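Participant: Just model_19.txt, nothing more (compact mmCIF, N, CA, C and O atoms):
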# COMPACT_ATOMS: atom_id res chain seq x y z
N MET A 1032 0.85 -1.18 0.00
CA MET A 1032 0.00 0.00 0.00
C MET A 1032 0.89 1.23 0.00
O MET A 1032 1.80 1.36 0.81
N GLN A 1033 0.60 2.15 -0.90
CA GLN A 1033 1.37 3.36 -1.06
C GLN A 1033 0.53 4.53 -0.55
O GLN A 1033 -0.61 4.72 -0.97
N LEU A 1034 1.09 5.32 0.36
CA LEU A 1034 0.39 6.47 0.91
C LEU A 1034 0.82 7.74 0.18
O LEU A 1034 2.00 7.92 -0.13
N LEU A 1035 -0.14 8.62 -0.05
CA LEU A 1035 0.09 9.87 -0.75
C LEU A 1035 -0.22 11.02 0.20
O LEU A 1035 -1.32 11.08 0.77
N ASN A 1036 0.73 11.94 0.35
CA ASN A 1036 0.53 13.11 1.21
C ASN A 1036 -0.36 14.12 0.47
O ASN A 1036 0.00 14.59 -0.60
N ILE A 1037 -1.51 14.44 1.06
CA ILE A 1037 -2.43 15.39 0.43
C ILE A 1037 -2.42 16.73 1.15
O ILE A 1037 -3.32 17.54 0.96
N GLY A 1038 -1.42 16.95 1.97
CA GLY A 1038 -1.25 18.23 2.64
C GLY A 1038 -1.48 18.17 4.13
O GLY A 1038 -2.32 17.42 4.61
N TYR A 1039 -0.67 18.94 4.86
CA TYR A 1039 -0.79 19.11 6.31
C TYR A 1039 -0.70 17.77 7.05
O TYR A 1039 -1.37 17.55 8.04
N GLY A 1040 0.13 16.87 6.54
CA GLY A 1040 0.35 15.60 7.20
C GLY A 1040 -0.72 14.56 6.99
O GLY A 1040 -0.68 13.50 7.59
N ASN A 1041 -1.68 14.83 6.12
CA ASN A 1041 -2.74 13.87 5.83
C ASN A 1041 -2.32 12.95 4.70
O ASN A 1041 -1.75 13.39 3.70
N MET A 1042 -2.60 11.68 4.87
CA MET A 1042 -2.21 10.68 3.89
C MET A 1042 -3.44 9.91 3.39
O MET A 1042 -4.38 9.68 4.15
N VAL A 1043 -3.37 9.52 2.13
CA VAL A 1043 -4.44 8.74 1.49
C VAL A 1043 -3.78 7.60 0.74
O VAL A 1043 -2.68 7.75 0.19
N SER A 1044 -4.44 6.47 0.67
CA SER A 1044 -3.93 5.34 -0.09
C SER A 1044 -3.98 5.68 -1.57
O SER A 1044 -5.05 5.91 -2.14
N ALA A 1045 -2.82 5.73 -2.20
CA ALA A 1045 -2.74 6.09 -3.62
C ALA A 1045 -3.45 5.08 -4.50
O ALA A 1045 -3.96 5.42 -5.57
N ASP A 1046 -3.50 3.84 -4.06
CA ASP A 1046 -4.15 2.79 -4.86
C ASP A 1046 -5.66 2.96 -4.93
O ASP A 1046 -6.30 2.39 -5.82
N ARG A 1047 -6.24 3.70 -4.03
CA ARG A 1047 -7.69 3.88 -3.97
C ARG A 1047 -8.20 5.09 -4.75
O ARG A 1047 -9.40 5.24 -4.95
N ILE A 1048 -7.31 5.97 -5.19
CA ILE A 1048 -7.73 7.21 -5.85
C ILE A 1048 -8.14 6.93 -7.29
O ILE A 1048 -7.40 6.34 -8.06
N LEU A 1049 -9.35 7.39 -7.63
CA LEU A 1049 -9.84 7.28 -9.01
C LEU A 1049 -9.63 8.57 -9.78
O LEU A 1049 -9.34 8.55 -10.96
N ALA A 1050 -9.82 9.71 -9.09
CA ALA A 1050 -9.73 11.00 -9.77
C ALA A 1050 -9.29 12.08 -8.80
O ALA A 1050 -9.60 12.04 -7.61
N ILE A 1051 -8.55 13.05 -9.36
CA ILE A 1051 -8.18 14.26 -8.63
C ILE A 1051 -8.66 15.41 -9.50
O ILE A 1051 -8.16 15.60 -10.61
N VAL A 1052 -9.64 16.16 -9.01
CA VAL A 1052 -10.28 17.19 -9.83
C VAL A 1052 -10.37 18.51 -9.09
O VAL A 1052 -10.24 18.58 -7.88
N SER A 1053 -10.61 19.56 -9.86
CA SER A 1053 -10.81 20.89 -9.31
C SER A 1053 -12.24 21.00 -8.79
O SER A 1053 -13.17 20.44 -9.38
N PRO A 1054 -12.47 21.74 -7.71
CA PRO A 1054 -13.81 21.81 -7.11
C PRO A 1054 -14.73 22.88 -7.72
O PRO A 1054 -15.81 23.12 -7.20
N ASP A 1055 -14.34 23.46 -8.83
CA ASP A 1055 -15.06 24.63 -9.34
C ASP A 1055 -16.33 24.34 -10.13
O ASP A 1055 -17.22 25.17 -10.18
N SER A 1056 -16.44 23.17 -10.75
CA SER A 1056 -17.60 22.91 -11.60
C SER A 1056 -18.83 22.49 -10.78
O SER A 1056 -18.71 21.95 -9.68
N ALA A 1057 -19.99 22.71 -11.35
CA ALA A 1057 -21.24 22.37 -10.67
C ALA A 1057 -21.37 20.87 -10.39
O ALA A 1057 -21.80 20.49 -9.30
N PRO A 1058 -20.99 19.98 -11.32
CA PRO A 1058 -21.10 18.55 -11.01
C PRO A 1058 -20.23 18.13 -9.82
O PRO A 1058 -20.64 17.30 -9.01
N ILE A 1059 -19.04 18.70 -9.72
CA ILE A 1059 -18.15 18.36 -8.60
C ILE A 1059 -18.73 18.92 -7.30
O ILE A 1059 -18.68 18.26 -6.25
N LYS A 1060 -19.31 20.10 -7.36
CA LYS A 1060 -19.96 20.66 -6.16
C LYS A 1060 -21.11 19.77 -5.70
O LYS A 1060 -21.32 19.59 -4.50
N ARG A 1061 -21.84 19.18 -6.66
CA ARG A 1061 -22.91 18.24 -6.31
C ARG A 1061 -22.34 16.98 -5.67
O ARG A 1061 -22.89 16.45 -4.70
N ILE A 1062 -21.23 16.49 -6.21
CA ILE A 1062 -20.59 15.30 -5.62
C ILE A 1062 -20.15 15.58 -4.19
O ILE A 1062 -20.32 14.74 -3.30
N ILE A 1063 -19.61 16.77 -3.95
CA ILE A 1063 -19.19 17.15 -2.60
C ILE A 1063 -20.39 17.19 -1.66
O ILE A 1063 -20.36 16.65 -0.56
N GLN A 1064 -21.48 17.80 -2.11
CA GLN A 1064 -22.68 17.90 -1.27
C GLN A 1064 -23.28 16.53 -1.00
O GLN A 1064 -23.70 16.24 0.13
N GLU A 1065 -23.32 15.67 -2.01
CA GLU A 1065 -23.84 14.31 -1.80
C GLU A 1065 -22.97 13.54 -0.82
O GLU A 1065 -23.48 12.81 0.03
N GLY A 1066 -21.66 13.70 -0.94
CA GLY A 1066 -20.74 13.06 0.00
C GLY A 1066 -20.96 13.53 1.42
O GLY A 1066 -20.96 12.75 2.37
N ARG A 1067 -21.19 14.84 1.57
CA ARG A 1067 -21.46 15.42 2.89
C ARG A 1067 -22.77 14.85 3.46
O ARG A 1067 -22.83 14.44 4.62
N ASP A 1068 -23.80 14.80 2.63
CA ASP A 1068 -25.11 14.30 3.07
C ASP A 1068 -25.07 12.83 3.47
O ASP A 1068 -25.77 12.41 4.38
N GLN A 1069 -24.25 12.04 2.77
CA GLN A 1069 -24.20 10.60 3.00
C GLN A 1069 -23.07 10.18 3.95
O GLN A 1069 -22.87 8.99 4.17
N GLY A 1070 -22.36 11.14 4.49
CA GLY A 1070 -21.31 10.83 5.45
C GLY A 1070 -20.06 10.24 4.81
O GLY A 1070 -19.30 9.54 5.47
N ARG A 1071 -19.81 10.53 3.54
CA ARG A 1071 -18.65 10.00 2.84
C ARG A 1071 -17.62 11.09 2.54
O ARG A 1071 -16.67 10.86 1.81
N LEU A 1072 -17.80 12.28 3.13
CA LEU A 1072 -16.89 13.40 2.88
C LEU A 1072 -15.81 13.45 3.94
O LEU A 1072 -16.09 13.35 5.14
N ILE A 1073 -14.56 13.59 3.49
CA ILE A 1073 -13.43 13.76 4.40
C ILE A 1073 -12.81 15.11 4.07
O ILE A 1073 -12.29 15.31 2.96
N ASP A 1074 -12.87 16.04 5.02
CA ASP A 1074 -12.33 17.38 4.80
C ASP A 1074 -10.93 17.46 5.39
O ASP A 1074 -10.76 17.50 6.60
N ALA A 1075 -9.92 17.47 4.52
CA ALA A 1075 -8.53 17.53 4.96
C ALA A 1075 -7.92 18.89 4.64
O ALA A 1075 -6.71 19.00 4.43
N THR A 1076 -8.74 19.93 4.62
CA THR A 1076 -8.26 21.27 4.25
C THR A 1076 -7.78 22.08 5.45
O THR A 1076 -7.14 23.10 5.26
N TYR A 1077 -8.11 21.66 6.65
CA TYR A 1077 -7.75 22.39 7.87
C TYR A 1077 -8.27 23.83 7.82
O TYR A 1077 -7.57 24.76 8.21
N GLY A 1078 -9.47 24.00 7.28
CA GLY A 1078 -10.11 25.31 7.24
C GLY A 1078 -9.66 26.20 6.10
O GLY A 1078 -10.11 27.33 5.98
N ARG A 1079 -8.78 25.72 5.28
CA ARG A 1079 -8.32 26.51 4.14
C ARG A 1079 -9.22 26.26 2.93
O ARG A 1079 -10.09 25.41 2.96
N ARG A 1080 -8.98 27.03 1.89
CA ARG A 1080 -9.79 26.92 0.67
C ARG A 1080 -9.57 25.56 0.01
O ARG A 1080 -8.45 25.09 -0.12
N THR A 1081 -10.66 24.93 -0.43
CA THR A 1081 -10.58 23.65 -1.14
C THR A 1081 -10.06 23.89 -2.54
O THR A 1081 -10.66 24.65 -3.31
N ARG A 1082 -8.95 23.26 -2.88
CA ARG A 1082 -8.38 23.42 -4.20
C ARG A 1082 -8.42 22.15 -5.03
O ARG A 1082 -8.25 22.20 -6.25
N SER A 1083 -8.63 21.02 -4.38
CA SER A 1083 -8.76 19.78 -5.14
C SER A 1083 -9.68 18.82 -4.41
O SER A 1083 -9.84 18.88 -3.19
N VAL A 1084 -10.30 17.96 -5.19
CA VAL A 1084 -11.22 16.95 -4.68
C VAL A 1084 -10.72 15.60 -5.17
O VAL A 1084 -10.50 15.42 -6.36
N LEU A 1085 -10.52 14.69 -4.23
CA LEU A 1085 -10.09 13.34 -4.57
C LEU A 1085 -11.29 12.42 -4.44
O LEU A 1085 -11.98 12.45 -3.42
N ILE A 1086 -11.52 11.62 -5.45
CA ILE A 1086 -12.63 10.67 -5.44
C ILE A 1086 -12.01 9.28 -5.40
O ILE A 1086 -11.13 8.96 -6.20
N THR A 1087 -12.48 8.46 -4.46
CA THR A 1087 -11.90 7.14 -4.27
C THR A 1087 -12.82 6.05 -4.81
O THR A 1087 -13.99 6.29 -5.09
N ASP A 1088 -12.26 4.85 -4.90
CA ASP A 1088 -13.05 3.72 -5.38
C ASP A 1088 -14.08 3.24 -4.36
O ASP A 1088 -14.96 2.46 -4.68
N THR A 1089 -14.00 3.75 -3.14
CA THR A 1089 -14.99 3.42 -2.11
C THR A 1089 -16.07 4.50 -2.02
O THR A 1089 -16.84 4.53 -1.07
N ASP A 1090 -16.12 5.39 -3.01
CA ASP A 1090 -17.08 6.50 -3.11
C ASP A 1090 -16.89 7.55 -2.02
O ASP A 1090 -17.80 8.32 -1.75
N HIS A 1091 -15.73 7.59 -1.39
CA HIS A 1091 -15.43 8.67 -0.46
C HIS A 1091 -14.96 9.88 -1.26
O HIS A 1091 -14.34 9.73 -2.33
N VAL A 1092 -15.26 11.05 -0.75
CA VAL A 1092 -14.87 12.30 -1.37
C VAL A 1092 -13.95 13.01 -0.38
O VAL A 1092 -14.33 13.26 0.76
N ILE A 1093 -12.72 13.31 -0.82
CA ILE A 1093 -11.72 13.90 0.06
C ILE A 1093 -11.38 15.29 -0.47
O ILE A 1093 -11.06 15.45 -1.65
N LEU A 1094 -11.46 16.28 0.42
CA LEU A 1094 -11.13 17.65 0.06
C LEU A 1094 -9.71 17.96 0.51
O LEU A 1094 -9.31 17.61 1.62
N SER A 1095 -8.95 18.63 -0.35
CA SER A 1095 -7.57 19.00 -0.03
C SER A 1095 -7.34 20.47 -0.37
O SER A 1095 -7.95 21.00 -1.31
N ALA A 1096 -6.43 21.10 0.36
CA ALA A 1096 -6.09 22.50 0.11
C ALA A 1096 -4.96 22.62 -0.92
O ALA A 1096 -4.59 23.73 -1.28
N LEU A 1097 -4.44 21.50 -1.39
CA LEU A 1097 -3.39 21.53 -2.41
C LEU A 1097 -4.01 21.51 -3.80
O LEU A 1097 -5.09 20.95 -4.00
N LEU A 1098 -3.29 22.07 -4.76
CA LEU A 1098 -3.76 22.05 -6.14
C LEU A 1098 -3.71 20.64 -6.71
O LEU A 1098 -2.85 19.84 -6.32
N PRO A 1099 -4.61 20.33 -7.64
CA PRO A 1099 -4.58 18.99 -8.26
C PRO A 1099 -3.23 18.67 -8.90
O PRO A 1099 -2.76 17.53 -8.83
N GLU A 1100 -2.58 19.67 -9.50
CA GLU A 1100 -1.28 19.46 -10.12
C GLU A 1100 -0.23 19.06 -9.09
O GLU A 1100 0.64 18.23 -9.36
N THR A 1101 -0.30 19.64 -7.90
CA THR A 1101 0.65 19.32 -6.84
C THR A 1101 0.47 17.87 -6.39
O THR A 1101 1.45 17.13 -6.26
N ILE A 1102 -0.77 17.48 -6.16
CA ILE A 1102 -1.04 16.11 -5.73
C ILE A 1102 -0.66 15.13 -6.82
O ILE A 1102 -0.05 14.09 -6.56
N SER A 1103 -0.98 15.45 -8.06
CA SER A 1103 -0.63 14.59 -9.19
C SER A 1103 0.88 14.44 -9.30
O SER A 1103 1.39 13.33 -9.53
N GLY A 1104 1.61 15.53 -9.11
CA GLY A 1104 3.06 15.47 -9.15
C GLY A 1104 3.63 14.58 -8.07
O GLY A 1104 4.56 13.81 -8.29
N ARG A 1105 3.05 14.67 -6.88
CA ARG A 1105 3.50 13.81 -5.78
C ARG A 1105 3.20 12.35 -6.10
O ARG A 1105 4.00 11.47 -5.81
N LEU A 1106 2.05 12.10 -6.69
CA LEU A 1106 1.68 10.73 -7.06
C LEU A 1106 2.63 10.19 -8.13
O LEU A 1106 3.12 9.07 -8.03
N GLU A 1107 2.91 10.99 -9.15
CA GLU A 1107 3.81 10.56 -10.22
C GLU A 1107 5.23 10.38 -9.69
O GLU A 1107 5.92 9.45 -10.08
N GLY A 1108 5.66 11.24 -8.79
CA GLY A 1108 6.99 11.13 -8.20
C GLY A 1108 7.15 9.86 -7.41
O GLY A 1108 8.17 9.18 -7.48
N LYS A 1109 6.11 9.47 -6.67
CA LYS A 1109 6.16 8.25 -5.89
C LYS A 1109 6.15 7.04 -6.80
O LYS A 1109 6.83 6.06 -6.54
N GLU A 1110 5.39 7.10 -7.90
CA GLU A 1110 5.36 5.98 -8.83
C GLU A 1110 6.73 5.82 -9.48
O GLU A 1110 7.22 4.72 -9.65
N ALA A 1111 7.37 6.94 -9.84
CA ALA A 1111 8.69 6.88 -10.46
C ALA A 1111 9.71 6.30 -9.49
O ALA A 1111 10.53 5.46 -9.87
N SER A 1112 9.66 6.72 -8.23
CA SER A 1112 10.62 6.20 -7.26
C SER A 1112 10.38 4.72 -7.01
O SER A 1112 11.33 3.96 -6.81
N LYS A 1113 9.14 4.27 -7.07
CA LYS A 1113 8.85 2.85 -6.90
C LYS A 1113 9.44 2.05 -8.06
O LYS A 1113 10.02 1.00 -7.87
N GLU A 1114 9.32 2.58 -9.29
CA GLU A 1114 9.89 1.91 -10.45
C GLU A 1114 11.41 1.84 -10.34
O GLU A 1114 12.02 0.85 -10.69
N GLU A 1115 12.02 2.93 -9.84
CA GLU A 1115 13.47 2.93 -9.66
C GLU A 1115 13.89 1.88 -8.65
O GLU A 1115 14.88 1.18 -8.84
N GLU A 1116 13.12 1.75 -7.56
CA GLU A 1116 13.43 0.75 -6.55
C GLU A 1116 13.33 -0.64 -7.15
O GLU A 1116 14.16 -1.50 -6.89
N ASP A 1117 12.30 -0.88 -7.96
CA ASP A 1117 12.13 -2.19 -8.58
C ASP A 1117 13.29 -2.50 -9.52
O ASP A 1117 13.77 -3.61 -9.59
N GLY A 1118 13.77 -1.48 -10.22
CA GLY A 1118 14.90 -1.65 -11.14
C GLY A 1118 16.18 -1.95 -10.41
O GLY A 1118 17.03 -2.70 -10.90
N GLU A 1119 16.36 -1.39 -9.23
CA GLU A 1119 17.57 -1.62 -8.45
C GLU A 1119 17.62 -3.03 -7.88
O GLU A 1119 18.69 -3.58 -7.68
N ASN A 1120 16.46 -3.61 -7.61
CA ASN A 1120 16.41 -4.94 -7.02
C ASN A 1120 16.73 -6.05 -8.01
O ASN A 1120 16.99 -7.16 -7.63
N CYS A 1121 16.69 -5.75 -9.31
CA CYS A 1121 16.94 -6.79 -10.33
C CYS A 1121 18.39 -7.15 -10.44
O CYS A 1121 19.27 -6.49 -10.25
Let me see the file written as structure tokens.

Facilitator:
Amino acid sequence: MQLLNIGYGNMVSADRILAIVSPDSAPIKRIIQEGRDQGRLIDATYGRRTRSVLITDTDHVILSALLPETISGRLEGKEASKEEEDGENC
């Protein structure tokens, strides 16, 4: 299991993430509200502005104060380092 830092010391299982999106569109705002209503919303913003929304395969909706590009970069960086580790073990 690979953990991804989504800001302020909060970690999420990278294997469970389906999408990282911006919270600005109306459909995403509806997804956030539905998640809140159904108890599937995790607010990891620490009171700051929501800049990205992570949607998981368990239908949880996670709010983060980091930009989607930042989280994506961290995810890609971890995947690259994992590939490097696998290459070193051969």

Participant: Please compute the atom C of Arg1061 of chain A-atom O of Leu1049 of chain A distance, one decimal, in Å.

Facilitator: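 Separation between atom C of Arg1061 of chain A and atom O of Leu1049 of chain A: 16.4 Å.
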
Participant: Grab the atom CA of Leu1098 of chain A to atom N of Arg1082 of chain A distance for me, in Å with one decimal place.

Facilitator: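 Distance reported for this atom pair: 6.2 Å.
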
Participant: Which of chain A end up as strand (DSSP E) when DSSP is run on this backbone - answer as a PyMOL selection string?

Facilitator: chain A and resi 1034-1038+1041-1044+1048-1052+1072-1074+1083-1087+1092-1095

Participant: Work out how far atom CA of Pro1054 of chain A is from atom CA of Ala1096 of chain A, in Å to one decimal.

Facilitator: 10.6 Å

Participant: Have a look at A:Ala1057, A:Leu1072, A:Ile1063, A:Val1052 and name the one nearest to Val1092 of chain A; count all atoms listed in the file.

Facilitator: A:Leu1072

Participant: Would you mind telling me which residue in A:Leu1097, A:Ile1037, A:Val1043, A:Met1032 lies nearest to Val1084 of chain A when using only N, CA, C and O atoms?

Facilitator: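 Closest to Val1084 of chain A of all the choices is A:Leu1097.
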
Participant: Counting only C-alpha atoms, figure out which residue out of A:Ile1062, A:Ile1073, A:Leu1034, A:Leu1085 gets nearest to Ile1048 of chain A.

Facilitator: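 Checking each of A:Ile1062, A:Ile1073, A:Leu1034, A:Leu1085 against Ile1048 of chain A, counting only C-alpha atoms, the winner is A:Leu1085.
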
Participant: Calculated over only C-alpha atoms, which of the candidates A:Glu1065, A:Asp1055, A:Arg1079, A:Gly1038 has the smallest distance to Arg1105 of chain A?

Facilitator: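 Ranking A:Glu1065, A:Asp1055, A:Arg1079, A:Gly1038 by distance to Arg1105 of chain A, first place goes to A:Gly1038.
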
Participant: With only C-alpha atoms as the basis for distance, which of A:Ser1083, A:Gln1064, A:Gln1069, A:Thr1089 is at the shortest distance from Ile1051 of chain A?

Facilitator: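 Among A:Ser1083, A:Gln1064, A:Gln1069, A:Thr1089, it is A:Ser1083 that comes nearest to Ile1051 of chain A.
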
Participant: Measuring atom to atom with all atoms listed in the file, identify which of A:Met1042, A:Leu1094, A:Ala1050, A:Ile1102 is nearest to Ala1075 of chain A.

Facilitator: A:Leu1094

Participant: Taking the backbone alone, and naming residues the way the document does, which bits of segment 1060-1113 of chain A are helix (DSSP H, G or I) by DSSP, as a PyMOL selection string?

Facilitator: chain A and resi 1060-1068+1099-1113

Participant: Could segment 1056-1067 of chain A be completed with all heavy atoms and returned as a PDB file, in the frame of the given file?

Facilitator:
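To be explicit, this is the file written out as rebuild_14.pdb:
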ATOM      1  N   SER A1056     -16.440  23.170 -10.750  1.00  0.00           N
ATOM      2  CA  SER A1056     -17.600  22.910 -11.600  1.00  0.00           C
ATOM      3  C   SER A1056     -18.830  22.490 -10.780  1.00  0.00           C
ATOM      4  O   SER A1056     -18.710  21.950  -9.680  1.00  0.00           O
ATOM      5  CB  SER A1056     -17.274  21.832 -12.640  1.00  0.00           C
ATOM      6  OG  SER A1056     -17.149  20.582 -12.010  1.00  0.00           O
ATOM      7  N   ALA A1057     -19.990  22.710 -11.350  1.00  0.00           N
ATOM      8  CA  ALA A1057     -21.240  22.370 -10.670  1.00  0.00           C
ATOM      9  C   ALA A1057     -21.370  20.870 -10.390  1.00  0.00           C
ATOM     10  O   ALA A1057     -21.800  20.490  -9.300  1.00  0.00           O
ATOM     11  CB  ALA A1057     -22.433  22.872 -11.480  1.00  0.00           C
ATOM     12  N   PRO A1058     -20.990  19.980 -11.320  1.00  0.00           N
ATOM     13  CA  PRO A1058     -21.100  18.550 -11.010  1.00  0.00           C
ATOM     14  C   PRO A1058     -20.230  18.130  -9.820  1.00  0.00           C
ATOM     15  O   PRO A1058     -20.640  17.300  -9.010  1.00  0.00           O
ATOM     16  CB  PRO A1058     -20.646  17.864 -12.295  1.00  0.00           C
ATOM     17  CG  PRO A1058     -20.908  18.854 -13.367  1.00  0.00           C
ATOM     18  CD  PRO A1058     -20.659  20.186 -12.737  1.00  0.00           C
ATOM     19  N   ILE A1059     -19.040  18.700  -9.720  1.00  0.00           N
ATOM     20  CA  ILE A1059     -18.150  18.360  -8.600  1.00  0.00           C
ATOM     21  C   ILE A1059     -18.730  18.920  -7.300  1.00  0.00           C
ATOM     22  O   ILE A1059     -18.680  18.260  -6.250  1.00  0.00           O
ATOM     23  CB  ILE A1059     -16.722  18.875  -8.839  1.00  0.00           C
ATOM     24  CG1 ILE A1059     -16.128  18.245 -10.099  1.00  0.00           C
ATOM     25  CG2 ILE A1059     -15.839  18.597  -7.625  1.00  0.00           C
ATOM     26  CD1 ILE A1059     -16.071  16.726 -10.076  1.00  0.00           C
ATOM     27  N   LYS A1060     -19.310  20.100  -7.360  1.00  0.00           N
ATOM     28  CA  LYS A1060     -19.960  20.660  -6.160  1.00  0.00           C
ATOM     29  C   LYS A1060     -21.110  19.770  -5.700  1.00  0.00           C
ATOM     30  O   LYS A1060     -21.320  19.590  -4.500  1.00  0.00           O
ATOM     31  CB  LYS A1060     -20.454  22.079  -6.437  1.00  0.00           C
ATOM     32  CG  LYS A1060     -19.315  23.075  -6.556  1.00  0.00           C
ATOM     33  CD  LYS A1060     -19.813  24.471  -6.842  1.00  0.00           C
ATOM     34  CE  LYS A1060     -18.643  25.418  -6.993  1.00  0.00           C
ATOM     35  NZ  LYS A1060     -19.054  26.784  -7.292  1.00  0.00           N
ATOM     36  N   ARG A1061     -21.840  19.180  -6.660  1.00  0.00           N
ATOM     37  CA  ARG A1061     -22.910  18.240  -6.310  1.00  0.00           C
ATOM     38  C   ARG A1061     -22.340  16.980  -5.670  1.00  0.00           C
ATOM     39  O   ARG A1061     -22.890  16.450  -4.700  1.00  0.00           O
ATOM     40  CB  ARG A1061     -23.733  17.867  -7.543  1.00  0.00           C
ATOM     41  CG  ARG A1061     -24.853  18.835  -7.831  1.00  0.00           C
ATOM     42  CD  ARG A1061     -25.827  18.272  -8.846  1.00  0.00           C
ATOM     43  NE  ARG A1061     -25.222  18.029 -10.145  1.00  0.00           N
ATOM     44  CZ  ARG A1061     -25.096  18.944 -11.101  1.00  0.00           C
ATOM     45  NH1 ARG A1061     -25.522  20.171 -10.900  1.00  0.00           N
ATOM     46  NH2 ARG A1061     -24.541  18.640 -12.262  1.00  0.00           N
ATOM     47  N   ILE A1062     -21.230  16.490  -6.210  1.00  0.00           N
ATOM     48  CA  ILE A1062     -20.590  15.300  -5.620  1.00  0.00           C
ATOM     49  C   ILE A1062     -20.150  15.580  -4.190  1.00  0.00           C
ATOM     50  O   ILE A1062     -20.320  14.740  -3.300  1.00  0.00           O
ATOM     51  CB  ILE A1062     -19.386  14.852  -6.499  1.00  0.00           C
ATOM     52  CG1 ILE A1062     -19.891  14.260  -7.811  1.00  0.00           C
ATOM     53  CG2 ILE A1062     -18.506  13.858  -5.747  1.00  0.00           C
ATOM     54  CD1 ILE A1062     -18.792  13.962  -8.812  1.00  0.00           C
ATOM     55  N   ILE A1063     -19.610  16.770  -3.950  1.00  0.00           N
ATOM     56  CA  ILE A1063     -19.190  17.150  -2.600  1.00  0.00           C
ATOM     57  C   ILE A1063     -20.390  17.190  -1.660  1.00  0.00           C
ATOM     58  O   ILE A1063     -20.360  16.650  -0.560  1.00  0.00           O
ATOM     59  CB  ILE A1063     -18.463  18.511  -2.611  1.00  0.00           C
ATOM     60  CG1 ILE A1063     -17.129  18.394  -3.354  1.00  0.00           C
ATOM     61  CG2 ILE A1063     -18.252  19.035  -1.193  1.00  0.00           C
ATOM     62  CD1 ILE A1063     -16.455  19.725  -3.636  1.00  0.00           C
ATOM     63  N   GLN A1064     -21.480  17.800  -2.110  1.00  0.00           N
ATOM     64  CA  GLN A1064     -22.680  17.900  -1.270  1.00  0.00           C
ATOM     65  C   GLN A1064     -23.280  16.530  -1.000  1.00  0.00           C
ATOM     66  O   GLN A1064     -23.700  16.240   0.130  1.00  0.00           O
ATOM     67  CB  GLN A1064     -23.723  18.817  -1.922  1.00  0.00           C
ATOM     68  CG  GLN A1064     -24.900  19.118  -1.024  1.00  0.00           C
ATOM     69  CD  GLN A1064     -24.495  19.767   0.289  1.00  0.00           C
ATOM     70  OE1 GLN A1064     -23.714  20.715   0.314  1.00  0.00           O
ATOM     71  NE2 GLN A1064     -24.998  19.268   1.393  1.00  0.00           N
ATOM     72  N   GLU A1065     -23.320  15.670  -2.010  1.00  0.00           N
ATOM     73  CA  GLU A1065     -23.840  14.310  -1.800  1.00  0.00           C
ATOM     74  C   GLU A1065     -22.970  13.540  -0.820  1.00  0.00           C
ATOM     75  O   GLU A1065     -23.480  12.810   0.030  1.00  0.00           O
ATOM     76  CB  GLU A1065     -23.916  13.566  -3.135  1.00  0.00           C
ATOM     77  CG  GLU A1065     -25.009  14.064  -4.043  1.00  0.00           C
ATOM     78  CD  GLU A1065     -24.937  13.451  -5.436  1.00  0.00           C
ATOM     79  OE1 GLU A1065     -24.063  12.589  -5.688  1.00  0.00           O
ATOM     80  OE2 GLU A1065     -25.747  13.858  -6.285  1.00  0.00           O
ATOM     81  N   GLY A1066     -21.660  13.700  -0.940  1.00  0.00           N
ATOM     82  CA  GLY A1066     -20.740  13.060   0.000  1.00  0.00           C
ATOM     83  C   GLY A1066     -20.960  13.530   1.420  1.00  0.00           C
ATOM     84  O   GLY A1066     -20.960  12.750   2.370  1.00  0.00           O
ATOM     85  N   ARG A1067     -21.190  14.840   1.570  1.00  0.00           N
ATOM     86  CA  ARG A1067     -21.460  15.420   2.890  1.00  0.00           C
ATOM     87  C   ARG A1067     -22.770  14.850   3.460  1.00  0.00           C
ATOM     88  O   ARG A1067     -22.830  14.440   4.620  1.00  0.00           O
ATOM     89  CB  ARG A1067     -21.532  16.938   2.780  1.00  0.00           C
ATOM     90  CG  ARG A1067     -21.755  17.647   4.102  1.00  0.00           C
ATOM     91  CD  ARG A1067     -21.685  19.155   3.955  1.00  0.00           C
ATOM     92  NE  ARG A1067     -20.289  19.568   3.828  1.00  0.00           N
ATOM     93  CZ  ARG A1067     -19.779  20.244   2.802  1.00  0.00           C
ATOM     94  NH1 ARG A1067     -20.547  20.615   1.795  1.00  0.00           N
ATOM     95  NH2 ARG A1067     -18.502  20.573   2.777  1.00  0.00           N
TER      96      ARG A1067
END
